[in-house]
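Take a look at the structure set out below.
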Amino acid sequence: MSEIGLRPKMIVKDAMSSPVITTNEEASSNQVAHLMDENKVGAVVVTNKEGKPLGIITERDLVIRVLSKNLTPDTVKAKDIMTAPLVTIEPEATISEAARKMSSMNIRRLGVLYKGNLVGLVSSKDILSVMPELIEINQERNRIECADIHEEAEEVEETPLSGYCDRCGVYSDSLKDVNGQNLCEDCRIELES
């Protein structure tokens with residue numbers, strides 16, 4: 001597959017969003033909401049002073065942990081409402097692995113870590129957006145594999161059998177199936193003439 005330019009699997013780095021919008025753990029939930037609005041995103045990653053990811057705040061977290069409790073957004077810190085720890089995946093993992101991880105953990109976003117650094121975020125929406133391409137890749141791979149199998153089947157010659165001819169009863173090392181009968185070379189020649 002790779003010799004003709006098709007990668008057999010789509011990987012996380014093909015679908016992830018980058019760069020990631022981050023905020024520090026001391027930011028207020030109001031600042032987090034403003035970041036989401038300003039950057040048109042549904043989640044912000046919370047980092048420590050060294051910039052390492054601690055957790056994630058989604059729109060849902062703001063609704064459930066701030067608005068539904070009628071808290072004042074300016075007084076609630078990011079570290080108090082984030083979902084932690086941030087669940088991560090490697091950029092070279094397959095889209096299928098990412099989808100399975102999200103499904104098993106009942107989450108919609110994964111941080112993408114490369115050598116300990118946050119390089120992207122992959123969401124269920126990102127995965128859905130690449131599904132048509134994944135389907136096309138699989139269809140093309142199947143077409144190629146079927147063509148290869150068909151060519152191989154055409155190249156394989158029928159192997160002669162050993163046994164008694166069904167027509168004349170003579171033993172032969174070169175019996176071949178003709179219309180459901182195993183015939184020797186002489187009987188095959190007779191039938192053709």
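Residues are named by chain letter and number: chains run A, B, ... in the order of the structure tokens, numbers start at 1 in each chain, and ligands are numbered from 1 in the order shown.
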
Tell me, as a ChimeraX atom specification, which residues lie within 10 Å of region 43-57 of chain A, counting only C-alpha atoms; anything in the same chain fewer than 2 positions away does not count. /A:20-27,29,32-33,35-36,39-41,59-62,78-88,109-111,113,116-118,121,123

Going by DSSP on the backbone, which bits of chain A are strand (DSSP E or B)? Write them as a PyMOL selection string, please. chain A and resi 11+17+22-24+28+43-47+53-58+77+83+88-89+94+109-114+117-123+161-164+171-178+181-183

Extract, using only C-alpha atoms, all DNA, RNA and protein residues at most 12 Å from Cys168 (chain A), discarding same-chain residues fewer than 6 positions from it, and format them as number ranges by chain. A: 175, 181-188, 190

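Straight-line separation from CA of Ile95 (chain A) to CA of Met10 (chain A): 6.0 Å.
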
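Taking CA of Asn30 (chain A) as the reference point, CA of Asp74 (chain A) is found at 5.5 Å.
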